[in-house]
Amino acid sequence: MHISLFSAKGYDREFFDEQIGESGHTITYFEDILSTDTLALAEGSDAVCVFVNNPVDRKLLEGLSKMGVRVLALRSAGFNHVDLEAAEDVGIPVFRVPAYSPEAVSEHTMALILTLNRKTHKAYNRVRENNFSLDGLTGFNLHGKTVGVIGTGAIGTAFCRIAAGFGCRILAFDPKPSDETREAGAHFTNPETLFSESNIISLHCPLIPQTRHIINQKSISMMKEDVMLINTSRGALIDTPAVIRALKKKRVGALGIDVYEQEENLFFRDLSGEVIQDDDITRLMSFPNVLITGHQAFLTREALREITRITLNNLTAYEMDKPVQNEIKPKPASES
Ligand code: NAD
């Protein structure tokens with residue numbers, strides 16, 4: 001198959017170039033996202049490959065179908081950015097890359113917690129300026145603290161294992177509790193108990209109507225005064241203005257996010273010379289107890305190699321008329 005790969009970064013090229021020869025497919029890279037402006041670039045391709053933050057709506061899918069593109073391959077686990085019903089209507093199957101490296105995301109989750117807690121980002125800057133004062137750097141022991149995990153699929157369960165290693169008590173909520181998660185040390189409970197008893201709450205559920213703004217004014221009001229909130233899943237799980245109000249009132253102790261509701265206008269680009277128009281993210285950046293990374297939790301060599309391998313395998317299976325296990329249909333049973 002000939003693949004048009006959009007939003008191509010240097011690290012995408014590195015790992016696709018490494019594996020494309022062996023796969024028997026061919027590839028053209030485009031730095032831009034797939035949009036009505038760039039749709040024409042996909043002419044002559046069998047497959048189009050996109051990443052997160054690339055909304056693929058009905059209009060784009062109709063355009064792809066008209067030009068003979070047969071498949072949409074996502075280089076991501078999440079798929080809330082694709083109109084799956086429209087894809088089904090125009091007959092374009094959509095493939096994703098589930099569970100390419102739960103450890104990459106769960107380890108970054110713990111990195112956010114440790115940085116916010118022990119303030120290593122501040123210590124780094126202080127020491128470089130010969131400021132060896134410890135004032136303001138006090139953290140807390142993770143050992144013995146309660147960590148609430150919302151969504152215990154591949155990433156949530158991997159994170160439970162890490163938190164258990166630190167000696168945390170783990171409360172979990174998932175509509176489908178699993179023995180694997182229990183074996184990782186988690187106790188399943190209801191959201192209310194999780195909200196009220198956790199010192200740290202980490203989100204690992206998909207973005208679906210039931211989980212949109214799961215962190216909102218009401219859920220925050222149930223939490224401990226100095227709760228630490230962590231989101232490495234999808235930005236819209238958090239009602240950002242509600243969290244900003246809670247941070248201002250010191251109702252939330254710390255916030256660590258790798259994802260942000262309006263991130264498609266910001267992330268994956270160098271905007272250092274621009275004036276940021278998004279007032280919520282600039283307000284968030286002004287808090288000393290907020291840590292933001294730009295959707296990099298997936299970014300390890302192991303994860304990139306696996307994303308590439310699974311993406312190419314999905315296309316090979318489709319081309320050979322084999323069932324593609326990673327095909328996503330509208331409202332999959334696992335997330336309804
Ligand atoms: P997964 O499908 O293995 O697990 C998702 C879990 O959420 C499932 O166990 C499901 O039952 C549960 N869930 C569904 N509805 C829920 C609800 N209402 N409340 C609580 N839990 C619910 O997915 P995964 O591989 O663990 O990924 C989780 C999310 O992480 C993805 O949806 C994606 O948005 C995000 N992600 C982020 C990055 C990053 O770089 N920041 C990378 C990969 C994935």
# chains A, B, ... in the order shown; residues from 1 in each chain; ligands from 1
$ residues_near_ligand --ligand "ligand 1" --cutoff "7 Å" --atoms "only C-alpha atoms and all ligand atoms" --output "PyMOL selection string"
chain A and resi 76-78+98-99+102+105+150-156+173-176+204-207+210-211+232-234+258-259+295-299+334-335
$ select_by_dssp --residues "range 32-270 of chain A" --states "strand (DSSP E or B)" --output "MDAnalysis selection string"
chainID A and resid 47:50 56 71:74 82 94:95 146:150 169:173 186:188 200:203 215 228:231 238 254:257
$ closest_residue --among "A:Pro330, A:Gly136, A:Gly253, A:Gly10" --to "Lys224 in chain A" --atoms "only C-alpha atoms"
A:Gly253
$ atom_distance --atom1 "CA of Pro288 in chain A" --atom2 "CA of Thr115 in chain A"
12.0 Å
$ select_by_dssp --residues "range 137-274 of chain A" --states "alpha helix (DSSP H)" --output "PyMOL selection string"
chain A and resi 154-165+179-183+191-197+217-221+240-248
$ atom_distance --atom1 "CA of Phe195 in chain A" --atom2 "CA of Ile220 in chain A"
7.6 Å
$ closest_residue --among "A:Leu61, A:Ala172, A:Ala236, A:Leu291" --to "Glu264 in chain A" --atoms "only C-alpha atoms"
A:Ala236
$ closest_residue --among "A:Ser65, A:Gln19, A:Ser196, A:Ser272" --to "Ser221 in chain A" --atoms "only C-alpha atoms"
A:Ser196
$ residues_around --residues "Leu312 in chain A" --least-positions-apart "6" --cutoff "10 Å" --atoms "only C-alpha atoms" --output "list in words"
Met1, Ile3, Phe16, Gln19, Ile20, Glu22, Ser23, Gly24, His25, Ala73, Arg75, Glu306 and Tyr318 of chain A
$ residues_around --residues "Met228 in chain A" --least-positions-apart "4" --cutoff "9 Å" --atoms "only C-alpha atoms" --output "list in words"
Ile113, Leu116, Asn117, Ser198, Asn199, Ile200, Ile201, Ser202, Val252, Gly253, Ala254, Leu255 and Gly256 of chain A
$ write_last_selection --atoms "N, CA, C and O atoms" --output "tab-separated table (two decimals), in the first residue's frame"
chain	number	residue	atom	x	y	z
A	113	ILE	N	3.99	13.30	38.78
A	113	ILE	CA	3.71	13.28	40.23
A	113	ILE	C	4.98	13.60	41.02
A	113	ILE	O	4.98	14.45	41.91
A	116	LEU	N	6.08	17.35	40.49
A	116	LEU	CA	5.22	18.28	41.24
A	116	LEU	C	5.46	18.17	42.74
A	116	LEU	O	5.50	19.17	43.44
A	117	ASN	N	5.61	16.93	43.21
A	117	ASN	CA	5.74	16.70	44.64
A	117	ASN	C	7.10	17.16	45.17
A	117	ASN	O	7.19	17.94	46.11
A	198	SER	N	-8.79	10.04	48.06
A	198	SER	CA	-7.47	10.03	47.38
A	198	SER	C	-6.66	11.29	47.64
A	198	SER	O	-7.19	12.40	47.61
A	199	ASN	N	-5.36	11.11	47.84
A	199	ASN	CA	-4.43	12.24	47.90
A	199	ASN	C	-4.01	12.66	46.50
A	199	ASN	O	-3.70	13.82	46.25
A	200	ILE	N	-3.98	11.66	45.60
A	200	ILE	CA	-3.60	11.91	44.20
A	200	ILE	C	-4.66	11.22	43.35
A	200	ILE	O	-5.04	10.07	43.64
A	201	ILE	N	-5.14	11.90	42.30
A	201	ILE	CA	-6.11	11.26	41.39
A	201	ILE	C	-5.53	11.32	39.98
A	201	ILE	O	-5.13	12.39	39.50
A	202	SER	N	-5.45	10.16	39.33
A	202	SER	CA	-4.85	10.09	38.00
A	202	SER	C	-5.87	9.52	37.01
A	202	SER	O	-6.51	8.50	37.27
A	252	VAL	N	-7.36	22.82	45.23
A	252	VAL	CA	-6.59	21.75	44.59
A	252	VAL	C	-5.14	22.05	44.89
A	252	VAL	O	-4.69	23.19	44.73
A	253	GLY	N	-4.39	21.01	45.35
A	253	GLY	CA	-3.02	21.23	45.79
A	253	GLY	C	-2.02	21.33	44.64
A	253	GLY	O	-1.04	22.07	44.71
A	254	ALA	N	-2.27	20.58	43.58
A	254	ALA	CA	-1.35	20.57	42.44
A	254	ALA	C	-2.05	19.95	41.23
A	254	ALA	O	-2.97	19.14	41.38
A	255	LEU	N	-1.61	20.36	40.06
A	255	LEU	CA	-2.19	19.83	38.82
A	255	LEU	C	-1.05	19.49	37.86
A	255	LEU	O	-0.18	20.33	37.60
A	256	GLY	N	-1.06	18.26	37.34
A	256	GLY	CA	-0.08	17.86	36.33
A	256	GLY	C	-0.82	17.37	35.11
A	256	GLY	O	-1.62	16.44	35.20
$ closest_residue --among "A:Arg305, A:Lys329, A:His108, A:Arg182" --to "Tyr11 in chain A" --atoms "only C-alpha atoms"
A:Arg305
$ residues_around --residues "Ile33 in chain A" --least-positions-apart "3" --cutoff "8 Å" --atoms "only C-alpha atoms" --output "list in words"
Phe6, Ser7, Phe30, Thr38, Val50 and Asn54 of chain A
$ write_last_selection --atoms "all heavy atoms" --output "PDB file, in the first residue's frame"
ATOM      1  N   PHE A   6       0.574  12.005   7.674  1.00  0.00           N
ATOM      2  CA  PHE A   6       0.449  13.425   8.009  1.00  0.00           C
ATOM      3  C   PHE A   6       0.991  13.705   9.414  1.00  0.00           C
ATOM      4  O   PHE A   6       1.181  12.784  10.207  1.00  0.00           O
ATOM      5  CB  PHE A   6      -1.022  13.853   7.897  1.00  0.00           C
ATOM      6  CG  PHE A   6      -1.472  13.963   6.454  1.00  0.00           C
ATOM      7  CD1 PHE A   6      -1.913  12.837   5.757  1.00  0.00           C
ATOM      8  CD2 PHE A   6      -1.414  15.178   5.784  1.00  0.00           C
ATOM      9  CE1 PHE A   6      -2.297  12.931   4.433  1.00  0.00           C
ATOM     10  CE2 PHE A   6      -1.801  15.279   4.454  1.00  0.00           C
ATOM     11  CZ  PHE A   6      -2.241  14.143   3.777  1.00  0.00           C
ATOM     12  N   SER A   7       1.221  14.980   9.701  1.00  0.00           N
ATOM     13  CA  SER A   7       1.818  15.454  10.972  1.00  0.00           C
ATOM     14  C   SER A   7       3.148  14.748  11.226  1.00  0.00           C
ATOM     15  O   SER A   7       3.450  14.362  12.362  1.00  0.00           O
ATOM     16  CB  SER A   7       0.898  15.204  12.177  1.00  0.00           C
ATOM     17  OG  SER A   7      -0.389  15.661  11.944  1.00  0.00           O
ATOM     18  N   PHE A  30       4.173  14.067   5.191  1.00  0.00           N
ATOM     19  CA  PHE A  30       3.760  15.468   5.118  1.00  0.00           C
ATOM     20  C   PHE A  30       3.805  16.048   6.521  1.00  0.00           C
ATOM     21  O   PHE A  30       3.279  15.436   7.454  1.00  0.00           O
ATOM     22  CB  PHE A  30       2.343  15.593   4.538  1.00  0.00           C
ATOM     23  CG  PHE A  30       2.223  15.018   3.155  1.00  0.00           C
ATOM     24  CD1 PHE A  30       1.579  13.803   2.954  1.00  0.00           C
ATOM     25  CD2 PHE A  30       2.781  15.677   2.071  1.00  0.00           C
ATOM     26  CE1 PHE A  30       1.487  13.259   1.684  1.00  0.00           C
ATOM     27  CE2 PHE A  30       2.691  15.133   0.789  1.00  0.00           C
ATOM     28  CZ  PHE A  30       2.049  13.916   0.596  1.00  0.00           C
ATOM     29  N   THR A  38      -5.028  20.393   2.931  1.00  0.00           N
ATOM     30  CA  THR A  38      -3.948  19.459   2.564  1.00  0.00           C
ATOM     31  C   THR A  38      -4.477  18.134   1.998  1.00  0.00           C
ATOM     32  O   THR A  38      -3.687  17.272   1.625  1.00  0.00           O
ATOM     33  CB  THR A  38      -3.074  19.122   3.793  1.00  0.00           C
ATOM     34  OG1 THR A  38      -3.894  18.506   4.792  1.00  0.00           O
ATOM     35  CG2 THR A  38      -2.421  20.354   4.379  1.00  0.00           C
ATOM     36  N   VAL A  50      -2.747   9.305  10.350  1.00  0.00           N
ATOM     37  CA  VAL A  50      -2.782  10.560  11.119  1.00  0.00           C
ATOM     38  C   VAL A  50      -2.513  10.281  12.594  1.00  0.00           C
ATOM     39  O   VAL A  50      -2.634   9.153  13.064  1.00  0.00           O
ATOM     40  CB  VAL A  50      -4.138  11.292  10.973  1.00  0.00           C
ATOM     41  CG1 VAL A  50      -4.434  11.645   9.524  1.00  0.00           C
ATOM     42  CG2 VAL A  50      -5.282  10.485  11.590  1.00  0.00           C
ATOM     43  N   ASN A  54      -5.617  15.673  15.152  1.00  0.00           N
ATOM     44  CA  ASN A  54      -5.929  15.852  13.737  1.00  0.00           C
ATOM     45  C   ASN A  54      -7.389  15.463  13.568  1.00  0.00           C
ATOM     46  O   ASN A  54      -7.698  14.300  13.302  1.00  0.00           O
ATOM     47  CB  ASN A  54      -5.024  14.968  12.880  1.00  0.00           C
ATOM     48  CG  ASN A  54      -5.105  15.297  11.392  1.00  0.00           C
ATOM     49  OD1 ASN A  54      -4.173  15.054  10.649  1.00  0.00           O
ATOM     50  ND2 ASN A  54      -6.219  15.845  10.948  1.00  0.00           N
TER      51      ASN A  54
END
$ residues_around --residues "Val69 in chain A" --least-positions-apart "2" --cutoff "6 Å" --atoms "only C-alpha atoms" --output "PyMOL selection string"
chain A and resi 45-47+64-65+67
$ closest_residue --among "A:Lys322, A:Thr138, A:Glu18, A:Phe132" --to "Arg118 in chain A" --atoms "only C-alpha atoms"
A:Thr138
$ closest_residue --among "A:Ala184, A:Glu88, A:Thr157, A:Leu315" --to "Cys49 in chain A" --atoms "only C-alpha atoms"
A:Leu315
$ atom_distance --atom1 "CA of Arg245 in chain A" --atom2 "CA of Thr293 in chain A"
20.8 Å
$ residues_around --residues "Leu84 in chain A" --least-positions-apart "4" --cutoff "10 Å" --atoms "only C-alpha atoms" --output "JSON, numbers by chain"
{"A": [56, 57, 58, 61, 79, 80, 88, 89, 90, 92, 93, 94, 328, 329, 330, 331]}
